[in-house]
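Novice: Provided herewith: model.cif, mmCIF, C-alpha atoms.
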data_final
loop_
_atom_site.label_atom_id
_atom_site.label_comp_id
_atom_site.auth_asym_id
_atom_site.auth_seq_id
_atom_site.Cartn_x
_atom_site.Cartn_y
_atom_site.Cartn_z
CA MET H 607 0.00 0.00 0.00
CA LYS H 608 1.21 3.48 -0.85
CA ARG H 609 2.32 5.45 2.17
CA THR H 610 1.04 8.98 2.33
CA LYS H 611 3.01 11.41 4.39
CA SER H 612 0.54 12.23 7.09
CA TRP H 613 2.76 14.84 8.68
CA LEU H 614 2.64 16.75 5.42
CA ALA H 615 -1.14 16.78 5.55
CA ALA H 616 -0.97 17.90 9.17
CA VAL H 617 1.42 20.72 8.39
CA MET H 618 -0.76 21.89 5.53
CA PHE H 619 -3.72 21.94 7.85
CA LEU H 620 -1.88 24.01 10.42
CA LEU H 621 -0.57 26.60 7.96
CA PRO H 622 -2.18 29.95 8.70
CA LEU H 623 -4.65 30.87 6.01
CA GLY H 624 -3.82 34.56 6.37
CA ALA H 625 -6.11 37.40 5.55
CA GLN H 626 -6.86 36.09 2.09
CA LYS H 627 -10.09 34.15 1.81
CA PRO H 628 -9.65 30.97 -0.23
CA ALA H 629 -12.21 30.10 -2.88
CA PRO H 630 -14.70 27.99 -0.86
CA ALA H 631 -15.36 25.28 -3.48
CA GLU H 632 -11.71 24.56 -4.09
CA ASP H 633 -11.01 24.68 -0.38
CA ALA H 634 -13.63 22.01 0.35
CA LYS H 635 -12.18 19.70 -2.29
CA THR H 636 -8.65 20.12 -0.96
CA ARG H 637 -9.79 19.53 2.59
CA LEU H 638 -11.68 16.40 1.60
CA LYS H 639 -8.66 15.03 -0.23
CA SER H 640 -6.41 15.61 2.76
CA LEU H 641 -8.89 13.92 5.13
CA GLN H 642 -9.21 10.96 2.76
CA ALA H 643 -5.42 10.69 2.69
CA GLU H 644 -5.40 10.74 6.47
CA GLN H 645 -7.99 7.96 6.56
CA LYS H 646 -5.89 5.83 4.21
CA GLN H 647 -2.85 6.39 6.40
CA ILE H 648 -4.69 5.40 9.57
CA ILE H 649 -5.81 2.18 7.90
CA ALA H 650 -2.29 1.46 6.57
CA ASP H 651 -0.76 2.03 10.02
CA TRP H 652 -3.33 -0.22 11.64
CA GLN H 653 -2.74 -2.98 9.08
CA ALA H 654 1.01 -2.74 9.67
CA LYS H 655 0.40 -3.07 13.41
CA ALA H 656 -1.90 -6.04 12.85
CA ARG H 657 0.81 -7.78 10.83
CA GLU H 658 3.29 -7.06 13.61
CA ALA H 659 0.91 -8.48 16.20
CA ALA H 660 0.41 -11.62 14.13
CA LYS H 661 4.17 -12.12 13.92
CA ALA H 662 4.55 -11.53 17.65
CA GLN H 663 1.86 -14.11 18.26
CA GLU H 664 3.72 -16.64 16.12
CA ARG H 665 6.96 -15.97 17.96
CA ALA H 666 5.21 -16.24 21.31
CA ALA H 667 3.68 -19.56 20.27
CA GLU H 668 7.05 -20.92 19.17
CA GLY H 669 8.73 -19.72 22.34
CA GLY H 670 5.93 -21.03 24.51
CA LYS H 671 5.26 -17.54 25.82
CA LYS H 672 1.76 -16.49 26.53
CA SER H 673 1.91 -12.72 26.51
CA ILE H 674 1.17 -11.02 23.22
CA PRO H 675 0.67 -7.31 22.65
CA ALA H 676 -2.89 -6.03 22.71
CA MET H 677 -4.31 -5.23 19.30
CA ALA H 678 -7.24 -2.95 18.51
CA MET H 679 -9.97 -4.73 16.55
CA GLN H 680 -10.32 -1.75 14.24
CA PRO H 681 -8.44 1.44 13.41
CA ASP H 682 -9.07 4.38 15.73
CA PHE H 683 -10.97 6.97 13.70
CA THR H 684 -12.14 9.10 16.64
CA GLN H 685 -10.12 12.20 15.79
CA LEU H 686 -10.63 11.87 12.07
CA ARG H 687 -14.38 11.65 12.55
CA GLY H 688 -14.27 14.94 14.46
CA LYS H 689 -12.34 16.53 11.60
CA TYR H 690 -14.90 15.38 9.02
CA LEU H 691 -17.71 16.83 11.14
CA ALA H 692 -15.85 20.12 11.65
CA ALA H 693 -15.23 20.37 7.91
CA ALA H 694 -18.94 19.75 7.26
CA LYS H 695 -19.72 22.73 9.47
CA GLN H 696 -17.23 24.92 7.66
CA HIS H 697 -18.69 24.05 4.30
CA PRO H 698 -22.44 24.45 4.55
CA GLY H 699 -25.07 23.26 2.10
CA GLU H 700 -24.37 20.64 -0.54
CA ALA H 701 -20.61 20.88 0.12
CA ALA H 702 -21.06 19.42 3.62
CA VAL H 703 -22.40 16.07 2.38
CA PRO H 704 -19.08 14.66 1.09
CA PHE H 705 -17.71 15.12 4.64
CA LEU H 706 -20.74 13.69 6.42
CA LEU H 707 -20.92 10.45 4.42
CA PRO H 708 -17.41 9.25 5.39
CA ALA H 709 -18.04 10.47 8.95
CA LEU H 710 -20.99 8.08 9.01
CA GLY H 711 -18.87 5.32 7.55
CA ILE H 712 -16.28 5.53 10.31
CA SER H 713 -18.76 6.05 13.15
CA ILE H 714 -18.59 3.16 15.61
CA THR H 715 -21.22 3.61 18.29
CA PRO H 716 -24.98 3.77 17.65
CA ALA H 717 -25.02 7.31 19.08
CA GLN H 718 -22.30 8.45 16.67
CA ARG H 719 -24.13 6.95 13.72
CA LYS H 720 -27.38 8.56 14.80
CA GLU H 721 -25.70 11.96 15.12
CA VAL H 722 -24.50 11.90 11.50
CA PHE H 723 -27.69 10.34 10.16
CA GLU H 724 -29.69 13.14 11.75
CA LEU H 725 -27.46 15.82 10.21
CA LEU H 726 -27.90 14.24 6.79
CA LEU H 727 -31.66 13.78 7.05
CA ASN H 728 -32.46 17.12 8.69
CA GLU H 729 -30.25 19.37 6.62
CA HIS H 730 -29.51 17.58 3.37
CA ILE H 731 -32.46 15.39 2.52
CA ASP H 732 -32.77 17.06 -0.92
CA SER H 733 -29.19 16.33 -1.87
CA SER H 734 -28.77 13.83 -4.68
CA GLN H 735 -25.60 12.72 -2.88
CA LEU H 736 -27.87 11.22 -0.26
CA ASN H 737 -28.55 8.32 -2.66
CA GLN H 738 -25.58 6.64 -1.05
CA LEU H 739 -27.42 6.57 2.24
CA GLY H 740 -29.96 4.12 0.82
CA GLN H 741 -27.75 1.08 1.33
CA ALA H 742 -27.55 1.86 5.03
CA LEU H 743 -31.32 1.72 5.54
CA PRO H 744 -31.85 -2.08 5.66
CA THR H 745 -29.40 -2.37 8.58
CA LEU H 746 -30.24 0.89 10.36
CA ASP H 747 -32.19 -0.96 13.06
CA ARG H 748 -29.01 -2.83 14.01
CA ALA H 749 -26.60 0.06 13.35
CA VAL H 750 -28.52 2.48 15.60
CA SER H 751 -31.75 1.12 17.05
CA GLU H 752 -35.16 -0.13 15.97
CA ASP H 753 -36.83 3.01 17.31
CA TYR H 754 -34.47 5.27 15.45
CA ALA H 755 -34.89 3.29 12.23
CA LYS H 756 -38.64 3.88 12.47
CA GLU H 757 -38.09 7.57 13.07
CA ALA H 758 -35.66 7.94 10.16
CA PHE H 759 -37.88 5.92 7.81
CA ALA H 760 -40.83 8.17 8.65
CA LYS H 761 -38.75 11.26 7.87
CA ILE H 762 -37.68 9.91 4.49
CA GLU H 763 -41.21 8.85 3.65
CA GLN H 764 -42.71 12.14 4.73
CA HIS H 765 -40.33 14.02 2.52
CA GLY H 766 -40.88 11.56 -0.29
CA GLN H 767 -38.72 13.23 -2.96
CA ASN H 768 -35.70 11.02 -3.53
CA PRO H 769 -36.69 7.86 -5.46
CA VAL H 770 -33.47 6.05 -4.56
CA LEU H 771 -34.01 6.54 -0.83
CA LEU H 772 -37.67 5.56 -1.18
CA GLY H 773 -36.65 2.39 -3.04
CA TRP H 774 -34.21 1.35 -0.32
CA LEU H 775 -36.81 2.24 2.27
CA ALA H 776 -39.30 -0.14 0.65
CA PHE H 777 -36.64 -2.85 0.58
CA ALA H 778 -35.75 -2.25 4.24
CA ARG H 779 -39.41 -2.48 5.27
CA HIS H 780 -40.15 -5.75 3.47
CA GLU H 781 -36.82 -7.58 3.50
CA LYS H 782 -37.57 -9.63 6.60
CA THR H 783 -40.87 -10.93 5.23
CA LEU H 784 -39.34 -11.70 1.82
CA ARG H 785 -36.54 -13.61 3.51
CA SER H 786 -38.59 -15.67 5.93
CA GLU H 787 -42.09 -16.29 4.55
CA PRO H 788 -42.82 -19.03 1.99
CA ALA H 789 -43.11 -17.69 -1.56
CA THR H 790 -46.73 -18.78 -1.82
CA SER H 791 -47.90 -17.09 1.40
CA LYS H 792 -50.02 -13.96 1.32
CA ALA H 793 -47.49 -12.12 3.47
CA PHE H 794 -44.74 -12.79 0.91
CA LEU H 795 -46.86 -11.85 -2.10
CA ASP H 796 -48.04 -8.62 -0.44
CA ALA H 797 -44.50 -7.62 0.53
CA LYS H 798 -43.21 -8.39 -2.95
CA ALA H 799 -45.90 -6.28 -4.61
CA ALA H 800 -45.45 -3.41 -2.16
CA ALA H 801 -41.68 -3.22 -2.61
CA ALA H 802 -41.43 -3.94 -6.35
CA ASP H 803 -42.90 -0.64 -7.53
CA ALA H 804 -40.75 1.66 -5.35
CA ILE H 805 -37.65 -0.36 -6.21
CA ALA H 806 -38.28 -0.17 -9.97
CA LYS H 807 -38.77 3.60 -9.69
CA SER H 808 -35.46 4.01 -7.87
CA GLU H 809 -33.57 2.82 -10.98
CA ASP H 810 -30.83 1.74 -8.58
CA MET H 811 -29.18 -1.31 -10.13
CA LEU H 812 -27.66 -2.62 -6.90
CA LEU H 813 -30.99 -2.40 -5.11
CA GLN H 814 -32.83 -4.06 -8.00
CA ARG H 815 -30.34 -6.94 -8.02
CA GLN H 816 -30.62 -7.49 -4.28
CA PHE H 817 -34.39 -7.48 -4.46
CA ASP H 818 -34.55 -9.83 -7.46
CA ALA H 819 -32.14 -12.26 -5.80
CA LEU H 820 -34.07 -12.23 -2.54
CA VAL H 821 -37.37 -12.93 -4.32
CA ALA H 822 -35.84 -15.58 -6.57
CA VAL H 823 -34.28 -17.40 -3.64
CA GLN H 824 -37.65 -17.80 -1.95
CA GLU H 825 -39.54 -18.57 -5.17
CA LYS H 826 -37.11 -21.16 -6.51
CA PHE H 827 -35.07 -22.29 -3.52
CA GLY H 828 -37.38 -21.80 -0.56
CA ILE H 829 -37.88 -24.50 2.07
CA GLY H 830 -40.32 -27.11 0.77
CA LEU H 831 -39.57 -26.55 -2.91
CA VAL H 832 -37.90 -29.16 -5.11
CA ALA H 833 -34.31 -28.27 -5.96
CA PRO H 834 -33.49 -27.87 -9.65
CA GLU H 835 -31.19 -30.38 -11.31
CA ILE H 836 -27.46 -29.71 -11.46
CA SER H 837 -25.65 -31.23 -14.43
CA GLY H 838 -21.95 -30.60 -14.27
CA VAL H 839 -18.47 -32.05 -14.05
CA ASP H 840 -16.42 -33.02 -11.02
CA LEU H 841 -12.87 -31.83 -10.30
CA ASP H 842 -11.52 -34.48 -12.71
CA GLY H 843 -13.86 -33.31 -15.46
CA VAL H 844 -16.17 -36.36 -15.18
CA ALA H 845 -19.84 -35.55 -15.74
CA PHE H 846 -22.40 -36.25 -13.01
CA GLU H 847 -25.76 -34.95 -11.80
CA LEU H 848 -27.32 -33.93 -8.55
CA SER H 849 -30.19 -36.38 -9.22
CA ASP H 850 -27.63 -39.23 -9.05
CA TYR H 851 -28.10 -38.84 -5.30
CA LYS H 852 -31.89 -39.15 -5.32
CA GLY H 853 -32.96 -41.45 -2.51
CA LYS H 854 -30.44 -39.97 -0.10
CA VAL H 855 -30.44 -36.97 2.17
CA VAL H 856 -28.00 -34.61 0.44
CA PHE H 857 -25.79 -32.08 2.16
CA LEU H 858 -24.95 -29.69 -0.66
CA ASP H 859 -21.97 -27.54 0.21
CA PHE H 860 -20.98 -24.47 -1.85
CA TRP H 861 -17.33 -24.27 -0.87
CA GLY H 862 -13.96 -22.91 -1.89
CA ASP H 863 -10.44 -22.84 -0.57
CA TRP H 864 -9.39 -19.21 -0.68
CA MET N 693 -20.17 -35.87 9.94
CA GLU N 694 -18.30 -39.15 10.54
CA GLU N 695 -21.35 -40.67 12.20
CA LEU N 696 -23.45 -40.08 9.07
CA LYS N 697 -21.19 -42.24 6.94
CA ASP N 698 -22.79 -45.22 5.16
CA LYS N 699 -26.28 -44.05 5.97
CA ALA N 700 -28.68 -42.86 3.27
CA PHE N 701 -26.70 -39.70 3.17
CA ALA N 702 -24.44 -37.95 0.67
CA LEU N 703 -22.20 -34.94 0.85
CA VAL N 704 -21.87 -33.15 -2.46
CA GLY N 705 -19.75 -30.06 -3.04
CA ILE N 706 -19.86 -27.22 -5.49
CA ASN N 707 -16.37 -25.84 -5.66
CA SER N 708 -15.71 -22.20 -6.52
CA ASP N 709 -11.93 -22.20 -6.70
CA GLN N 710 -10.30 -20.62 -9.73
CA THR N 711 -9.15 -23.96 -11.15
CA PRO N 712 -9.82 -27.63 -10.33
CA GLU N 713 -6.10 -27.90 -9.48
CA VAL N 714 -6.45 -25.46 -6.58
CA ALA N 715 -9.47 -27.40 -5.36
CA LYS N 716 -7.66 -30.73 -5.65
CA GLN N 717 -4.81 -29.40 -3.52
CA ALA N 718 -7.34 -28.45 -0.84
CA VAL N 719 -8.96 -31.88 -1.13
CA ALA N 720 -5.59 -33.60 -0.68
CA ALA N 721 -4.41 -31.32 2.12
CA ASN N 722 -7.59 -31.59 4.16
CA ASN N 723 -8.63 -35.15 3.39
CA LEU N 724 -11.93 -34.09 1.87
CA ASN N 725 -13.63 -37.18 0.55
CA TRP N 726 -16.72 -35.86 -1.14
CA ARG N 727 -17.35 -35.34 -4.83
CA SER N 728 -17.59 -31.76 -6.03
CA PHE N 729 -19.04 -30.07 -9.08
CA GLN N 730 -16.86 -27.40 -10.61
CA ASN N 731 -18.88 -24.25 -10.03
CA LYS N 732 -17.87 -22.76 -13.37
CA PRO N 733 -15.87 -25.11 -15.58
CA ALA N 734 -13.75 -23.45 -18.26
CA GLY N 735 -15.91 -22.52 -21.22
CA GLN N 736 -19.19 -22.55 -19.31
CA GLU N 737 -20.95 -19.20 -19.32
CA HIS N 738 -22.85 -19.31 -16.05
CA ALA N 739 -21.73 -20.53 -12.65
CA ILE N 740 -23.95 -22.96 -10.74
CA SER N 741 -23.84 -20.54 -7.83
CA ASP N 742 -25.40 -17.84 -10.03
CA HIS N 743 -28.28 -20.13 -11.00
CA TRP N 744 -28.78 -20.83 -7.32
CA PHE N 745 -28.48 -17.15 -6.30
CA ILE N 746 -25.70 -17.96 -3.85
CA GLN N 747 -24.57 -14.72 -2.23
CA GLY N 748 -22.15 -15.88 0.43
CA TRP N 749 -19.72 -18.73 1.01
CA PRO N 750 -20.01 -21.25 2.38
CA THR N 751 -23.71 -21.82 1.71
CA ILE N 752 -25.25 -25.15 2.62
CA VAL N 753 -28.44 -26.63 1.19
CA VAL N 754 -29.94 -29.78 2.71
CA LEU N 755 -32.15 -31.91 0.44
CA ASP N 756 -34.60 -34.71 1.17
CA PRO N 757 -34.31 -37.96 -0.84
CA ASP N 758 -36.89 -36.51 -3.28
CA MET N 759 -34.74 -33.34 -3.61
CA THR N 760 -37.07 -31.16 -1.56
CA ILE N 761 -35.12 -28.30 0.02
CA ARG N 762 -35.09 -28.55 3.83
CA TYR N 763 -32.39 -26.06 4.72
CA ARG N 764 -30.53 -23.26 3.01
CA GLY N 765 -28.11 -20.99 4.83
CA HIS N 766 -24.64 -20.46 6.22
CA ASP N 767 -24.90 -22.20 9.58
CA GLY N 768 -23.07 -25.53 9.36
CA ALA N 769 -24.22 -26.80 12.76
CA GLU N 770 -27.85 -26.02 11.98
CA ALA N 771 -27.53 -27.71 8.56
CA ILE N 772 -26.14 -30.88 10.17
CA LYS N 773 -28.99 -30.85 12.66
CA VAL N 774 -31.57 -30.60 9.87
CA ALA N 775 -29.80 -33.36 7.89
CA LYS N 776 -29.91 -35.69 10.91
CA GLU N 777 -33.61 -34.96 11.45
CA ARG N 778 -34.37 -35.75 7.79
CA LEU N 779 -32.31 -38.93 7.98
CA ALA N 780 -34.19 -40.06 11.07
CA LEU N 781 -37.47 -39.51 9.19
CA VAL N 782 -36.53 -41.57 6.15
CA GLN N 783 -35.04 -44.50 8.04
#
How does this structure look as structure tokens?

Specialist:
Amino acid sequence: MKRTKSWLAAVMFLLPLGAQKPAPAEDAKTRLKSLQAEQKQIIADWQAKAREAAKAQERAAEGGKKSIPAMAMQPDFTQLRGKYLAAAKQHPGEAAVPFLLPALGISITPAQRKEVFELLLNEHIDSSQLNQLGQALPTLDRAVSEDYAKEAFAKIEQHGQNPVLLGWLAFARHEKTLRSEPATSKAFLDAKAAAADAIAKSEDMLLQRQFDALVAVQEKFGIGLVAPEISGVDLDGVAFELSDYKGKVVFLDFWGDW
Amino acid sequence: MEELKDKAFALVGINSDQTPEVAKQAVAANNLNWRSFQNKPAGQEHAISDHWFIQGWPTIVVLDPDMTIRYRGHDGAEAIKVAKERLALVQ
């Protein structure tokens, strides 16, 4: 991984801006780039430390020692998150969104995530950049809380302008039913019909694919359905079929050695 | 899994390694004794896993003797439990 000189970014940040006012648009772009570089560096440093810790663990195992250095499970983004939020304040309106989205991405606690989500929904709900927030909706109940997910969903629905957000919202609302109910049940059919329209209108390819796959899984591979035939070749290139095993309970394992 | 040997039970794999050679090395190294389909043999346009809408590995599907799907998911222990229940029913 390329090493960015973080001290250089820090020095640039500390340089006095002087009396001259920089052009705001350019300034926001530069600031974003420097914060992104800082984020990359934090990740690179953490990965280097993780490799070190793994080596130390190996050495300790060989030497029969038990003590190994403590290792953080994830990089520490606390300060960086503060910088993204400060930059969002300095660059109001549409220019704040590119700082808020990564701040959400590196938020760790439910409270931190809620803080950024609220900023985005309350102040920038009209921004087309908010499309990216859609993917976070299906897991918002786990990322923050069930109550907050309800609150945020209501806000998005009430506003009702961004088709991408509304599409993801429909998916988030019906995913559980589509995943768990048999494809022939009324609950499944209702959920499918309710979500399909909003998802088609979103024209979001990723969302459409996820929805189609979820529906297809239940309709073709749900519990109680007959599995389709597999005609293929084994690792030696010899042809065989899944139905060769008819009459037995089959444990079909999609595996790989990566 | 050992205890299910010789019963009306079969373990079938669908291997997603880049080449059958990579898979064979894994088979040899880990003593894997089940037969596997190549997920996407050279020259074949679609992978089996695409037909089956597999979105994560490993995925396990448990089938009854008449090929009715009884389990689909990522939880190996749960899949074994379901397989044992189905075996008990057919024997």

Novice: Give as a PyMOL selection string every residue of chain N that touches chain H within 9 Å, counting only C-alpha atoms.

Specialist: chain N and resi 699-716+718+727-733+740-741+744-764+771-772+775-776+778-779+782

Novice: Neighbours of Asp810 of chain H within 12 Å (all atoms listed in the file; same-chain residues fewer than 5 positions away dropped), as a VMD selection string?

Specialist: chain H and resid 737 to 738 740 to 741 768 to 774 777 804 to 805 815 to 817

Novice: Rounded to one decimal in Å, what is the spacing between atom CA of Phe723 of chain H and atom CA of Ala778 of chain H?

Specialist: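 About the pair atom CA of Phe723 of chain H and atom CA of Ala778 of chain H: they are 16.1 Å apart.
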
Novice: Would you work out the distance separating atom CA of Ala755 of chain H from atom CA of Pro716 of chain H, expressed in Å to one decimal?

Specialist: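 Spanning atom CA of Ala755 of chain H to atom CA of Pro716 of chain H is a straight-line distance of 11.3 Å.
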
Novice: Applied to this file, what does the PyMOL selection byres ((chain H and resi 705) around 7) return in terms of residues, put as JSON, numbers by chain?

Specialist: {"H": [638, 690, 691, 693, 694, 702, 703, 704, 706, 707, 708, 709]}

Novice: Excluding Met679 of chain H and its own-chain neighbours fewer than 3 positions away, which residues fall within 12 Å of it when counting only C-alpha atoms? Please give them as an MDAnalysis selection string.

Specialist: chainID H and resid 649 652:653 655:656 659 676 682 714

Novice: I'd like to see the residues matched by the PyMOL selection byres ((chain H and resi 794) around 10) on this file, and ideally I'd get them as a list in words.

Specialist: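 Taken over the shown coordinates, the PyMOL selection byres ((chain H and resi 794) around 10) returns His780, Glu781, Lys782, Thr783, Leu784, Arg785, Ser786, Glu787, Pro788, Ala789, Thr790, Ser791, Lys792, Ala793, Leu795, Asp796, Ala797, Lys798, Ala799, Ala800, Val821, Gln824 and Glu825 of chain H.
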
Novice: State, in Å with one decimal place, the distance from atom CA of Gly699 of chain H to atom CA of Ala643 of chain H.

Specialist: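 These two atoms are separated by 23.3 Å.
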
Novice: Any chance you could work out the residue set of the PyMOL selection byres ((chain H and resi 759) around 12) here, as an MDAnalysis selection string?

Specialist: chainID H and resid 723:724 727 739:740 742:747 752:758 760:766 771:779
